[in-house]
$ cat upload.cif   # mmCIF, C-alpha atoms and all ligand atoms
data_run
loop_
_atom_site.label_atom_id
_atom_site.label_comp_id
_atom_site.auth_asym_id
_atom_site.auth_seq_id
_atom_site.Cartn_x
_atom_site.Cartn_y
_atom_site.Cartn_z
CA MET A 1 201.51 107.64 -112.84
CA GLU A 2 202.90 104.66 -111.02
CA HIS A 3 200.64 102.84 -108.57
CA GLU A 4 197.65 104.70 -109.94
CA ALA A 5 195.08 101.92 -109.45
CA LEU A 6 196.26 101.36 -105.90
CA LYS A 7 196.07 105.04 -105.06
CA ARG A 8 192.56 105.26 -106.48
CA ARG A 9 191.43 102.37 -104.33
CA VAL A 10 192.93 103.82 -101.16
CA SER A 11 191.47 107.25 -102.01
CA LYS A 12 188.04 105.74 -102.46
CA ARG A 13 188.26 104.07 -99.06
CA ILE A 14 189.42 107.36 -97.48
CA ASP A 15 186.28 109.06 -98.82
CA GLU A 16 183.91 106.23 -97.93
CA ARG A 17 185.12 106.03 -94.35
CA SER A 18 185.46 109.76 -93.70
CA ALA A 19 183.13 109.48 -90.69
CA GLU A 20 185.83 107.56 -88.80
CA MET A 21 188.28 110.45 -89.29
CA VAL A 22 185.71 113.03 -88.19
CA THR A 23 184.89 110.97 -85.09
CA LEU A 24 188.55 110.75 -84.11
CA LEU A 25 188.99 114.49 -84.62
CA GLY A 26 185.94 115.16 -82.44
CA GLU A 27 187.45 113.05 -79.66
CA LEU A 28 190.77 114.89 -79.91
CA VAL A 29 189.18 118.36 -79.92
CA GLY A 30 187.19 117.35 -76.82
CA GLU A 31 190.44 117.01 -74.85
CA ARG A 32 191.86 120.36 -73.72
CA THR A 33 195.43 119.75 -74.76
CA GLU A 34 196.79 123.26 -74.40
CA ILE A 35 200.59 123.33 -74.51
CA GLY A 36 201.95 121.43 -71.51
CA HIS A 37 198.75 119.41 -71.05
CA GLU A 38 198.91 117.01 -74.00
CA ALA A 39 198.48 113.73 -72.07
CA SER A 40 194.73 113.14 -72.42
CA GLY A 41 194.92 113.59 -76.19
CA GLN A 42 197.91 111.26 -76.36
CA GLU A 43 195.85 108.60 -74.53
CA ILE A 44 193.38 108.70 -77.42
CA MET A 45 196.23 108.32 -79.91
CA ILE A 46 197.58 105.31 -78.00
CA GLU A 47 194.15 103.65 -78.02
CA THR A 48 193.68 104.48 -81.70
CA PHE A 49 197.03 102.97 -82.67
CA GLU A 50 196.37 99.87 -80.59
CA GLY A 51 192.99 99.55 -82.29
CA MET A 52 194.87 99.49 -85.61
CA GLY A 53 197.01 96.60 -84.40
CA LEU A 54 200.08 98.80 -83.87
CA GLU A 55 202.28 98.91 -80.78
CA PRO A 56 202.91 102.58 -80.02
CA ASP A 57 206.18 103.69 -78.44
CA VAL A 58 205.29 106.06 -75.58
CA TRP A 59 207.87 108.08 -73.64
CA THR A 60 208.41 111.39 -71.88
CA PRO A 61 211.25 113.64 -73.06
CA ASP A 62 214.64 113.16 -71.39
CA VAL A 63 215.56 116.77 -70.70
CA ASP A 64 219.12 116.01 -69.55
CA ALA A 65 219.91 114.28 -72.83
CA LEU A 66 218.15 116.98 -74.87
CA ARG A 67 220.21 119.70 -73.19
CA LYS A 68 223.28 118.45 -75.06
CA HIS A 69 221.66 119.16 -78.43
CA GLU A 70 222.63 122.41 -80.17
CA ALA A 71 218.96 123.25 -80.80
CA PHE A 72 217.99 122.88 -77.13
CA PHE A 73 216.31 125.63 -75.18
CA GLU A 74 213.97 125.48 -72.22
CA THR A 75 210.46 125.90 -73.56
CA GLN A 76 207.99 127.94 -71.52
CA ALA A 77 205.87 124.81 -71.03
CA TYR A 78 208.90 122.92 -69.69
CA GLN A 79 209.65 125.75 -67.29
CA ALA A 80 206.03 125.83 -66.17
CA VAL A 81 205.19 122.12 -65.81
CA GLY A 82 208.27 120.05 -66.75
CA TYR A 83 208.00 116.94 -68.93
CA ASP A 84 206.37 114.48 -66.50
CA ASP A 85 203.07 113.05 -67.80
CA ARG A 86 203.74 114.54 -71.21
CA PRO A 87 204.38 111.61 -73.56
CA ASN A 88 205.23 111.57 -77.22
CA VAL A 89 203.61 108.70 -79.13
CA VAL A 90 205.04 107.01 -82.22
CA ALA A 91 203.57 103.95 -83.94
CA THR A 92 205.69 102.14 -86.50
CA VAL A 93 204.14 100.36 -89.47
CA ASP A 94 206.85 97.95 -90.54
CA GLY A 95 207.60 97.90 -94.23
CA ALA A 96 208.40 94.72 -96.13
CA GLY A 97 211.95 95.98 -96.69
CA GLY A 98 213.91 97.64 -99.45
CA GLY A 99 211.98 100.93 -99.44
CA ARG A 100 212.48 104.38 -98.01
CA SER A 101 211.07 105.17 -94.56
CA LEU A 102 208.70 108.07 -94.03
CA ALA A 103 207.54 109.89 -90.89
CA LEU A 104 203.98 111.22 -90.80
CA SER A 105 203.81 113.67 -87.98
CA GLY A 106 201.51 116.00 -86.10
CA HIS A 107 201.45 117.90 -82.82
CA MET A 108 198.90 117.33 -80.07
CA ASP A 109 199.29 120.69 -78.33
CA VAL A 110 196.99 123.58 -79.11
CA VAL A 111 197.17 127.26 -78.18
CA PRO A 112 194.68 128.57 -75.58
CA ALA A 113 191.31 129.98 -76.61
CA ASN A 114 189.46 133.06 -75.37
CA GLU A 115 186.06 131.40 -75.33
CA ASN A 116 184.21 134.73 -75.00
CA GLU A 117 185.19 135.51 -78.58
CA TRP A 118 183.91 132.19 -79.93
CA THR A 119 180.53 131.59 -81.52
CA TYR A 120 181.02 127.82 -81.10
CA PRO A 121 182.46 125.95 -78.10
CA ALA A 122 186.25 126.04 -78.31
CA PHE A 123 186.94 122.65 -76.74
CA GLU A 124 184.16 120.65 -78.30
CA MET A 125 183.84 120.02 -82.02
CA THR A 126 180.83 121.44 -83.86
CA GLN A 127 180.06 120.34 -87.41
CA VAL A 128 178.26 122.79 -89.69
CA ASP A 129 177.99 121.25 -93.16
CA ASP A 130 181.58 120.78 -94.38
CA ARG A 131 183.07 122.82 -91.55
CA LEU A 132 184.41 121.43 -88.29
CA TYR A 133 184.77 124.13 -85.61
CA GLY A 134 186.92 123.92 -82.49
CA ARG A 135 190.38 124.76 -81.18
CA GLY A 136 192.93 122.60 -82.98
CA THR A 137 190.63 121.44 -85.78
CA ALA A 138 193.02 123.06 -88.28
CA ASP A 139 196.19 123.48 -86.18
CA MET A 140 196.56 120.58 -86.10
CA LYS A 141 194.47 117.81 -84.66
CA GLY A 142 192.79 117.70 -88.07
CA GLY A 143 196.12 116.86 -89.68
CA LEU A 144 196.73 114.18 -87.05
CA ALA A 145 193.33 112.61 -87.72
CA ALA A 146 194.03 112.75 -91.48
CA ILE A 147 197.37 110.95 -91.01
CA VAL A 148 195.74 108.21 -88.94
CA HIS A 149 192.97 107.89 -91.51
CA ALA A 150 195.49 107.61 -94.35
CA VAL A 151 197.43 104.85 -92.59
CA ASP A 152 194.25 103.06 -91.53
CA CYS A 153 192.98 103.03 -95.12
CA LEU A 154 196.34 101.84 -96.49
CA GLN A 155 196.05 98.94 -94.05
CA GLY A 156 192.40 98.43 -94.86
CA GLU A 157 193.27 97.99 -98.54
CA ALA A 158 196.07 95.59 -97.52
CA VAL A 159 198.75 97.82 -99.00
CA GLU A 160 202.12 96.61 -97.77
CA LEU A 161 204.70 99.35 -98.16
CA ALA A 162 208.34 98.51 -98.75
CA GLY A 163 209.62 101.18 -96.33
CA ASP A 164 208.63 101.80 -92.71
CA LEU A 165 206.08 104.42 -91.70
CA TYR A 166 206.48 106.28 -88.40
CA VAL A 167 203.16 107.74 -87.32
CA GLN A 168 203.91 110.44 -84.76
CA SER A 169 201.92 112.51 -82.28
CA THR A 170 204.20 115.03 -80.58
CA LEU A 171 204.32 117.69 -77.85
CA GLU A 172 204.72 121.44 -77.67
CA GLU A 173 205.21 122.43 -81.31
CA GLU A 174 203.57 125.77 -80.50
CA ASP A 175 206.28 126.29 -77.89
CA GLY A 176 209.22 125.33 -80.09
CA GLY A 177 209.02 121.53 -80.26
CA VAL A 178 212.08 120.69 -78.14
CA GLY A 179 210.23 118.05 -76.10
CA GLY A 180 208.31 117.01 -79.21
CA ILE A 181 209.93 116.55 -82.61
CA LEU A 182 213.47 116.98 -81.29
CA SER A 183 212.82 114.28 -78.68
CA VAL A 184 211.37 112.01 -81.39
CA LEU A 185 214.47 112.44 -83.54
CA GLU A 186 216.76 111.88 -80.56
CA ARG A 187 214.74 108.77 -79.67
CA GLY A 188 216.09 107.37 -82.94
CA TYR A 189 213.24 107.96 -85.38
CA ARG A 190 215.28 109.26 -88.30
CA PRO A 191 213.38 108.48 -91.48
CA ASP A 192 214.49 109.12 -95.04
CA GLY A 193 211.79 111.79 -95.31
CA ALA A 194 209.08 113.42 -93.21
CA ILE A 195 205.67 114.97 -93.78
CA ILE A 196 204.13 117.12 -91.07
CA ALA A 197 200.40 117.63 -91.63
CA GLU A 198 200.40 121.28 -90.53
CA PRO A 199 197.64 123.39 -92.13
CA TRP A 200 199.69 124.42 -95.15
CA ASP A 201 196.72 124.55 -97.50
CA VAL A 202 196.84 121.41 -99.66
CA PRO A 203 197.86 121.20 -102.53
CA ASN A 204 200.36 123.84 -101.39
CA LEU A 205 203.36 122.56 -99.49
CA GLY A 206 205.93 123.84 -97.03
CA MET A 207 209.58 124.31 -97.98
CA ALA A 208 210.94 126.71 -95.34
CA SER A 209 210.62 128.16 -91.87
CA ALA A 210 211.79 131.34 -90.24
CA GLY A 211 214.48 132.07 -87.69
CA VAL A 212 213.10 133.47 -84.44
CA ARG A 213 214.71 135.01 -81.34
CA TYR A 214 213.00 136.57 -78.34
CA PHE A 215 215.10 139.21 -76.66
CA GLU A 216 215.09 141.38 -73.58
CA LEU A 217 216.86 144.73 -73.58
CA THR A 218 217.55 146.44 -70.28
CA VAL A 219 218.30 150.17 -70.55
CA PRO A 220 219.80 151.71 -67.42
CA GLY A 221 219.08 155.18 -66.03
CA LYS A 222 218.98 156.73 -62.59
CA SER A 223 215.68 157.03 -60.76
CA ALA A 224 214.64 160.20 -58.97
CA HIS A 225 211.54 162.02 -57.72
CA VAL A 226 210.08 163.87 -60.67
CA GLY A 227 210.29 167.17 -58.67
CA TYR A 228 214.05 166.74 -58.45
CA GLY A 229 214.45 165.41 -61.93
CA TYR A 230 217.89 166.99 -62.35
CA GLU A 231 219.19 164.30 -60.00
CA GLY A 232 218.03 161.46 -62.25
CA VAL A 233 218.66 160.04 -65.69
CA ASN A 234 215.45 159.12 -67.51
CA ALA A 235 215.88 155.58 -68.79
CA LEU A 236 212.71 155.86 -70.87
CA ASP A 237 214.17 158.81 -72.83
CA LYS A 238 217.23 156.67 -73.55
CA ALA A 239 215.10 153.65 -74.43
CA MET A 240 213.02 155.67 -76.90
CA VAL A 241 216.14 156.60 -78.85
CA ILE A 242 217.04 152.92 -79.06
CA TYR A 243 213.45 152.10 -79.99
CA GLU A 244 213.56 154.55 -82.90
CA ALA A 245 216.87 153.09 -84.08
CA LEU A 246 215.34 149.57 -83.97
CA ARG A 247 212.35 150.81 -85.98
CA GLU A 248 214.76 152.15 -88.60
CA LEU A 249 216.68 148.88 -88.63
CA ASP A 250 213.40 147.01 -89.12
CA ALA A 251 212.39 149.27 -92.03
CA GLU A 252 215.82 148.98 -93.61
CA ARG A 253 215.77 145.18 -93.29
CA LYS A 254 212.24 144.96 -94.69
CA ALA A 255 213.35 146.98 -97.72
CA ARG A 256 216.49 144.85 -98.20
CA ILE A 257 215.23 141.31 -97.60
CA ASP A 258 213.16 139.53 -100.22
CA TYR A 259 212.02 135.92 -99.80
CA PRO A 260 209.37 135.01 -102.40
CA PRO A 261 208.24 131.67 -100.82
CA ALA A 262 206.99 133.71 -97.84
CA TYR A 263 204.48 135.65 -99.95
CA ARG A 264 203.52 133.17 -102.67
CA LEU A 265 200.16 132.51 -101.03
CA GLU A 266 199.69 135.87 -99.30
CA PRO A 267 200.83 138.86 -101.38
CA ARG A 268 200.40 141.19 -98.39
CA MET A 269 203.30 139.38 -96.73
CA ARG A 270 205.68 140.89 -99.27
CA GLY A 271 207.97 143.36 -97.54
CA HIS A 272 207.17 141.75 -94.18
CA GLU A 273 209.30 138.61 -94.45
CA THR A 274 211.49 139.89 -91.64
CA ASN A 275 210.21 141.49 -88.45
CA LEU A 276 211.81 143.27 -85.53
CA ASN A 277 209.08 143.97 -83.00
CA ILE A 278 209.07 145.37 -79.47
CA GLY A 279 206.05 143.89 -77.72
CA THR A 280 206.45 145.10 -74.13
CA ILE A 281 208.06 148.10 -72.45
CA GLN A 282 208.37 148.23 -68.67
CA ALA A 283 209.49 151.51 -67.06
CA ALA A 284 208.96 152.72 -63.48
CA ASP A 285 205.84 151.66 -61.59
CA TRP A 286 204.66 155.07 -60.39
CA PRO A 287 203.83 158.29 -62.29
CA ALA A 288 206.01 160.49 -60.06
CA ILE A 289 209.19 158.49 -60.55
CA ILE A 290 211.75 159.21 -63.23
CA PRO A 291 212.34 155.72 -64.63
CA GLY A 292 215.68 154.37 -63.43
CA GLU A 293 215.49 151.34 -65.75
CA VAL A 294 213.50 150.29 -68.78
CA VAL A 295 213.08 146.70 -69.93
CA MET A 296 211.90 146.13 -73.50
CA ARG A 297 211.00 142.69 -74.78
CA GLY A 298 210.81 141.91 -78.44
CA ARG A 299 210.89 139.32 -81.17
CA LEU A 300 213.21 139.14 -84.13
CA GLY A 301 212.14 136.97 -87.05
CA TRP A 302 213.75 136.39 -90.43
CA PRO A 303 213.43 134.09 -93.46
CA PRO A 304 216.16 131.72 -94.71
CA GLY A 305 219.20 133.42 -96.19
CA GLU A 306 220.91 134.98 -93.19
CA SER A 307 222.70 133.21 -90.35
CA PRO A 308 221.42 133.73 -86.81
CA GLU A 309 224.78 135.32 -85.97
CA ALA A 310 224.43 137.90 -88.75
CA VAL A 311 220.89 138.90 -87.78
CA VAL A 312 221.62 139.06 -84.07
CA GLY A 313 224.76 141.01 -84.93
CA GLU A 314 222.72 143.72 -86.67
CA LEU A 315 220.50 144.04 -83.61
CA ARG A 316 223.50 144.28 -81.31
CA ASP A 317 225.36 146.77 -83.53
CA THR A 318 222.33 149.06 -83.72
CA ILE A 319 221.97 149.15 -79.94
CA GLU A 320 225.70 149.68 -79.45
CA ALA A 321 225.78 152.55 -81.96
CA VAL A 322 223.06 154.40 -80.05
CA ALA A 323 224.86 153.76 -76.77
CA ALA A 324 228.20 154.96 -78.12
CA ALA A 325 226.66 158.27 -79.18
CA ASP A 326 225.12 158.90 -75.76
CA GLU A 327 227.24 160.15 -72.86
CA TRP A 328 225.29 158.22 -70.20
CA LEU A 329 224.79 155.01 -72.15
CA ALA A 330 228.43 154.95 -73.21
CA ASP A 331 229.27 154.48 -69.52
CA HIS A 332 226.13 152.46 -68.67
CA PRO A 333 225.65 150.14 -71.64
CA PRO A 334 222.25 148.53 -72.27
CA GLN A 335 222.15 144.76 -71.71
CA LEU A 336 220.82 142.51 -74.48
CA GLU A 337 219.71 138.99 -73.56
CA PHE A 338 217.80 136.24 -75.35
CA PHE A 339 215.10 134.07 -73.80
CA GLY A 340 212.45 131.50 -74.71
CA LEU A 341 211.85 130.32 -78.25
CA ARG A 342 214.99 129.95 -80.32
CA ALA A 343 214.47 128.77 -83.89
CA ASP A 344 216.97 128.84 -86.72
CA PRO A 345 215.66 129.13 -90.28
CA HIS A 346 215.60 126.23 -92.69
CA GLU A 347 214.86 125.66 -96.35
CA VAL A 348 214.38 122.43 -98.30
CA ASP A 349 215.14 122.40 -102.01
CA PRO A 350 211.76 122.02 -103.75
CA ALA A 351 213.47 119.77 -106.32
CA THR A 352 213.96 117.14 -103.59
CA ASP A 353 212.27 113.87 -104.49
CA LEU A 354 209.96 113.83 -101.46
CA LEU A 355 208.70 117.36 -102.13
CA GLN A 356 208.16 116.67 -105.82
CA LEU A 357 206.25 113.44 -105.11
CA ALA A 358 204.13 115.15 -102.46
CA LYS A 359 203.30 118.05 -104.81
CA HIS A 360 202.53 115.69 -107.69
CA ASN A 361 200.14 113.65 -105.54
CA ALA A 362 198.50 116.66 -103.86
CA GLU A 363 197.79 118.12 -107.31
CA TRP A 364 196.53 114.76 -108.54
CA VAL A 365 194.17 114.46 -105.55
CA THR A 366 192.84 118.03 -105.63
CA GLY A 367 192.98 118.80 -109.33
CA ARG A 368 194.52 122.17 -108.41
CA GLU A 369 198.02 123.53 -108.82
CA GLY A 370 200.16 123.81 -105.70
CA VAL A 371 203.07 126.04 -104.75
CA PHE A 372 205.92 125.63 -102.27
CA HIS A 373 205.74 128.29 -99.61
CA GLY A 374 206.87 129.23 -96.09
CA GLY A 375 209.59 131.11 -94.32
CA SER A 376 207.64 133.74 -92.38
CA ALA A 377 207.20 131.73 -89.17
CA GLY A 378 208.98 128.95 -87.31
CA ASN A 379 207.81 125.34 -87.41
CA ASP A 380 208.88 121.81 -86.54
CA THR A 381 210.12 120.80 -90.00
CA ARG A 382 213.33 122.74 -89.34
CA TYR A 383 214.59 120.06 -86.95
CA TYR A 384 214.57 117.43 -89.69
CA LYS A 385 216.39 119.46 -92.30
CA ARG A 386 218.66 121.63 -90.24
CA TYR A 387 220.04 119.13 -87.73
CA TYR A 388 219.59 115.73 -89.40
CA ASP A 389 219.59 116.62 -93.11
CA ILE A 390 216.28 114.80 -93.57
CA PRO A 391 213.97 116.35 -96.19
CA ALA A 392 210.66 117.37 -94.66
CA THR A 393 207.60 119.20 -95.88
CA SER A 394 204.32 120.48 -94.48
CA LEU A 395 201.26 119.06 -96.22
CA GLY A 396 197.92 119.67 -94.56
CA PRO A 397 194.46 121.21 -94.66
CA THR A 398 193.44 124.78 -95.36
CA PRO A 399 193.86 126.91 -92.22
CA ASN A 400 190.91 129.01 -91.04
CA ASN A 401 191.17 131.29 -87.98
CA ILE A 402 194.05 129.28 -86.53
CA HIS A 403 195.13 130.65 -83.13
CA GLY A 404 191.97 132.84 -83.31
CA ALA A 405 188.27 132.53 -82.50
CA ASP A 406 186.08 130.04 -84.38
CA GLU A 407 188.99 128.08 -85.80
CA PHE A 408 187.71 125.56 -88.32
CA VAL A 409 188.77 123.07 -90.94
CA THR A 410 186.76 121.53 -93.74
CA VAL A 411 186.15 117.80 -94.07
CA THR A 412 186.99 118.21 -97.76
CA SER A 413 190.46 119.56 -97.10
CA LEU A 414 191.14 116.89 -94.46
CA LEU A 415 190.19 114.17 -96.95
CA GLU A 416 192.42 115.82 -99.57
CA THR A 417 195.22 115.77 -96.99
CA ALA A 418 194.69 112.09 -96.15
CA LYS A 419 194.58 111.08 -99.82
CA SER A 420 197.66 113.13 -100.71
CA ILE A 421 199.61 111.64 -97.81
CA ALA A 422 198.55 108.06 -98.57
CA ALA A 423 199.47 108.44 -102.25
CA THR A 424 202.82 110.01 -101.37
CA ALA A 425 203.57 107.19 -98.92
CA ILE A 426 202.87 104.66 -101.69
CA ASP A 427 205.26 106.42 -104.09
CA TYR A 428 207.94 107.34 -101.58
CA CYS A 429 208.13 104.10 -99.57
CA GLY A 430 207.32 101.83 -102.51
CA VAL A 431 204.93 98.89 -102.44
CA ALA A 432 206.04 95.34 -101.69
CA ASN A 433 205.66 93.02 -104.67
CA GLY A 434 202.38 91.20 -104.93
CA ASN A 435 200.79 93.09 -102.07
CA GLY A 436 197.66 95.11 -101.99
CA ARG A 437 194.45 93.59 -103.18
CA ALA A 438 195.07 94.85 -106.71
CA GLY A 439 198.15 92.59 -106.81
ZN ZN B 501 200.67 123.71 -85.85
#

$ encode --input "upload.cif" --output "structure tokens" --more "lines below"
Ligand SMILES: [Zn+2]
Amino acid sequence: MEHEALKRRVSKRIDERSAEMVTLLGELVGERTEIGHEASGQEIMIETFEGMGLEPDVWTPDVDALRKHEAFFETQAYQAVGYDDRPNVVATVDGAGGGRSLALSGHMDVVPANENEWTYPAFEMTQVDDRLYGRGTADMKGGLAAIVHAVDCLQGEAVELAGDLYVQSTLEEEDGGVGGILSVLERGYRPDGAIIAEPWDVPNLGMASAGVRYFELTVPGKSAHVGYGYEGVNALDKAMVIYEALRELDAERKARIDYPPAYRLEPRMRGHETNLNIGTIQAADWPAIIPGEVVMRGRLGWPPGESPEAVVGELRDTIEAVAAADEWLADHPPQLEFFGLRADPHEVDPATDLLQLAKHNAEWVTGREGVFHGGSAGNDTRYYKRYYDIPATSLGPTPNNIHGADEFVTVTSLLETAKSIAATAIDYCGVANGNGRAG
């Protein structure tokens, strides 16, 4: 392997100074940076970068400019609190020149926590042997701390890379990433490759993400007192027929669609790569009323392979077929609308140089064999590949209870992440001649 001595030295430093990474993670977990409230965590990142001698670029998303982008949608956090006081932070480590640039990225936002379900405090880190408990330890403040630790140890060993490194702490990934990664890319940070330290279970790596649409279906009827039901048209009866048709569509799609990367790590995922789910049904608001309107809200998700237009078309056709066969609905068609999160699927060819180097190094660090997986949920890497044709992968710690109670990450898997990322940066960006203490 090229650069082997250098990588060993950086790896050794990463292990020896692991306490610094754990301390940083503890500080980050102590800030309640639920989506929309990322600022206090970003302050810590700014201080950390400045402490490393870097000059972080700090800005709030420009929503008017972002609106012009084809991937734009208004995130729920934007609608709730806007983008004021919600900075992205990027620190650039200048390369000596002549090498490829690499972004190392993580998101500061975390999902909320129902603290009643937790054994440990959710917004305070608790260490139990190798385990670090707390909201965001795995998804993904742990990955952020590992990135910082990797860069800090590269600097500490005086490794001068040929290409630039962009070290990024972003907003609202859990909400779709418009004000986060998309804003970073639109700011002008367009590297040759990108690694996002999401908890993808090192040495396994990400190669795909799912398409996602949230939809609202309004089914009309005619309300009436239940005692004079002959005067009404029960919208819930109509909606149930549509619901059954959507269940059949879901079953038919599940049987038809096969995407192996989605179930390489979790065999139970097989047959569930695509999902059409109704999560809420709102009918009348009183037992003695025949519902005059029903509103169903659902989520449609699918792996790479189908265009958004094709998938949405199947949903629309199914609803229209039910309506056409019903006398009332034929004259009072249901209304289908989309809202909130809007993600289009992406896939990166695993043969891409960045992905091969990252896999090689993650296997070298861990001594285990890795696989490329993904495609059952949305994530930020899609912005790189889909809209800027920049190869990107997810490389991060083992996830435990993410989005659930007692989320934790192990120090071991964070150190494996940091070492894999540092080694990949050395290979991908190249090392300036004569630099690094090994010469
Ligand atoms: Zn995440």

$ residues_near_ligand --input "upload.cif" --ligand "ligand ZN 501 (chain B)" --cutoff "9 Å" --atoms "only C-alpha atoms and all ligand atoms" --output "ChimeraX atom specification"
/A:106-110,136,138-141,173-174,197-199,379-380,402

$ closest_residue --input "upload.cif" --among "A:Lys359, A:Arg187, A:His69, A:His346" --to "A:Glu306" --atoms "only C-alpha atoms"
A:His346

$ closest_residue --input "upload.cif" --among "A:Thr412, A:Lys7, A:Tyr166, A:Arg13" --to "A:Glu55" --atoms "only C-alpha atoms"
A:Tyr166

$ residues_around --input "upload.cif" --residues "A:Gly271" --least-positions-apart "5" --cutoff "12 Å" --atoms "only C-alpha atoms" --output "list in words"
Asp250, Ala251, Glu252, Arg253, Lys254, Ala255, Arg256, Ile257, Asp258, Tyr259, Pro260, Ala262, Tyr263, Glu266, Trp302, Pro303 and Ser376 of chain A

$ residues_around --input "upload.cif" --residues "A:Glu337" --least-positions-apart "2" --cutoff "12 Å" --atoms "only C-alpha atoms" --output "number ranges by chain"
A: 213-219, 295-299, 312, 315-316, 334-335, 339-340

$ write_last_selection --input "upload.cif" --atoms "C-alpha atoms" --output "mmCIF file, keeping the file's coordinate frame"
data_model
loop_
_atom_site.group_PDB
_atom_site.id
_atom_site.type_symbol
_atom_site.label_atom_id
_atom_site.label_comp_id
_atom_site.auth_asym_id
_atom_site.auth_seq_id
_atom_site.Cartn_x
_atom_site.Cartn_y
_atom_site.Cartn_z
ATOM 1 C CA ARG A 213 214.710 135.010 -81.340
ATOM 2 C CA TYR A 214 213.000 136.570 -78.340
ATOM 3 C CA PHE A 215 215.100 139.210 -76.660
ATOM 4 C CA GLU A 216 215.090 141.380 -73.580
ATOM 5 C CA LEU A 217 216.860 144.730 -73.580
ATOM 6 C CA THR A 218 217.550 146.440 -70.280
ATOM 7 C CA VAL A 219 218.300 150.170 -70.550
ATOM 8 C CA VAL A 295 213.080 146.700 -69.930
ATOM 9 C CA MET A 296 211.900 146.130 -73.500
ATOM 10 C CA ARG A 297 211.000 142.690 -74.780
ATOM 11 C CA GLY A 298 210.810 141.910 -78.440
ATOM 12 C CA ARG A 299 210.890 139.320 -81.170
ATOM 13 C CA VAL A 312 221.620 139.060 -84.070
ATOM 14 C CA LEU A 315 220.500 144.040 -83.610
ATOM 15 C CA ARG A 316 223.500 144.280 -81.310
ATOM 16 C CA PRO A 334 222.250 148.530 -72.270
ATOM 17 C CA GLN A 335 222.150 144.760 -71.710
ATOM 18 C CA PHE A 339 215.100 134.070 -73.800
ATOM 19 C CA GLY A 340 212.450 131.500 -74.710
#

$ residues_around --input "upload.cif" --residues "A:Thr23" --least-positions-apart "2" --cutoff "12 Å" --atoms "all atoms listed in the file" --output "list in words"
Arg17, Ser18, Ala19, Glu20, Met21, Leu25, Gly26, Glu27, Leu28, Val29, Gly30, Ile44, Thr48, Glu124, Met125, Thr126, Gln127, Leu132, Thr137, Lys141, Gly142, Ala145, Ala146, Val148, His149 and Val411 of chain A

$ residues_around --input "upload.cif" --residues "A:Tyr83" --least-positions-apart "3" --cutoff "7 Å" --atoms "only C-alpha atoms" --output "JSON, numbers by chain"
{"A": [60, 61, 78, 86]}

$ write_last_selection --input "upload.cif" --atoms "C-alpha atoms" --output "PDB file, keeping the file's coordinate frame"
ATOM      1  CA  THR A  60     208.410 111.390 -71.880  1.00  0.00           C
ATOM      2  CA  PRO A  61     211.250 113.640 -73.060  1.00  0.00           C
ATOM      3  CA  TYR A  78     208.900 122.920 -69.690  1.00  0.00           C
ATOM      4  CA  ARG A  86     203.740 114.540 -71.210  1.00  0.00           C
TER       5      ARG A  86
END

$ residues_near_point --input "upload.cif" --point "(212.3, 123.6, -78.8)" --cutoff "9 Å" --atoms "all atoms listed in the file" --output "count of residues only"
20

$ closest_residue --input "upload.cif" --among "A:Ile242, A:Leu354, A:Val294, A:Leu265" --to "A:Thr318" --atoms "only C-alpha atoms"
A:Ile242

$ axis_aligned_box --input "upload.cif" --around "stretch 402-420 of chain A" --padding-each-side "8 Å" --output "JSON"
{"center_x": 191.9, "center_y": 122.0, "center_z": -91.6, "size_x": 27.6, "size_y": 37.8, "size_z": 34.2}

$ closest_residue --input "upload.cif" --among "A:Ala422, A:Ala330, A:Ala325, A:Ala210" --to "A:Gly375" --atoms "all atoms listed in the file"
A:Ala210

$ atom_distance --input "upload.cif" --atom1 "atom CA of A:Gly95" --atom2 "atom CA of A:Ser11"
20.2 Å

$ atom_distance --input "upload.cif" --atom1 "atom CA of A:Met207" --atom2 "atom CA of A:His360"
14.8 Å

$ atom_distance --input "upload.cif" --atom1 "atom CA of A:Asp64" --atom2 "atom CA of A:Glu186"
12.0 Å

$ closest_residue --input "upload.cif" --among "A:Ala39, A:Met52, A:Ala321, A:Ala113" --to "A:Val167" --atoms "only C-alpha atoms"
A:Met52

$ closest_residue --input "upload.cif" --among "A:Asp326, A:Glu407, A:Asp192, A:Asp164" --to "A:Lys238" --atoms "all atoms listed in the file"
A:Asp326

$ build_atoms --input "upload.cif" --residues "stretch 282-287 of chain A" --atoms "N, CA and C atoms" --output "short mmCIF file (atom, residue, chain, number, x, y, z; two decimals), keeping the file's coordinate frame"
data_model
loop_
_atom_site.label_atom_id
_atom_site.label_comp_id
_atom_site.auth_asym_id
_atom_site.auth_seq_id
_atom_site.Cartn_x
_atom_site.Cartn_y
_atom_site.Cartn_z
N GLN A 282 208.61 148.06 -70.10
CA GLN A 282 208.37 148.23 -68.67
C GLN A 282 209.29 149.33 -68.15
N ALA A 283 208.68 150.42 -67.63
CA ALA A 283 209.49 151.51 -67.06
C ALA A 283 209.27 151.50 -65.55
N ALA A 284 209.21 152.67 -64.93
CA ALA A 284 208.96 152.72 -63.48
C ALA A 284 207.53 152.28 -63.21
N ASP A 285 207.18 152.12 -61.92
CA ASP A 285 205.84 151.66 -61.59
C ASP A 285 205.02 152.73 -60.85
N TRP A 286 205.42 154.00 -61.03
CA TRP A 286 204.66 155.07 -60.39
C TRP A 286 204.84 156.35 -61.22
N PRO A 287 203.74 157.13 -61.40
CA PRO A 287 203.83 158.29 -62.29
C PRO A 287 204.84 159.35 -61.84
#
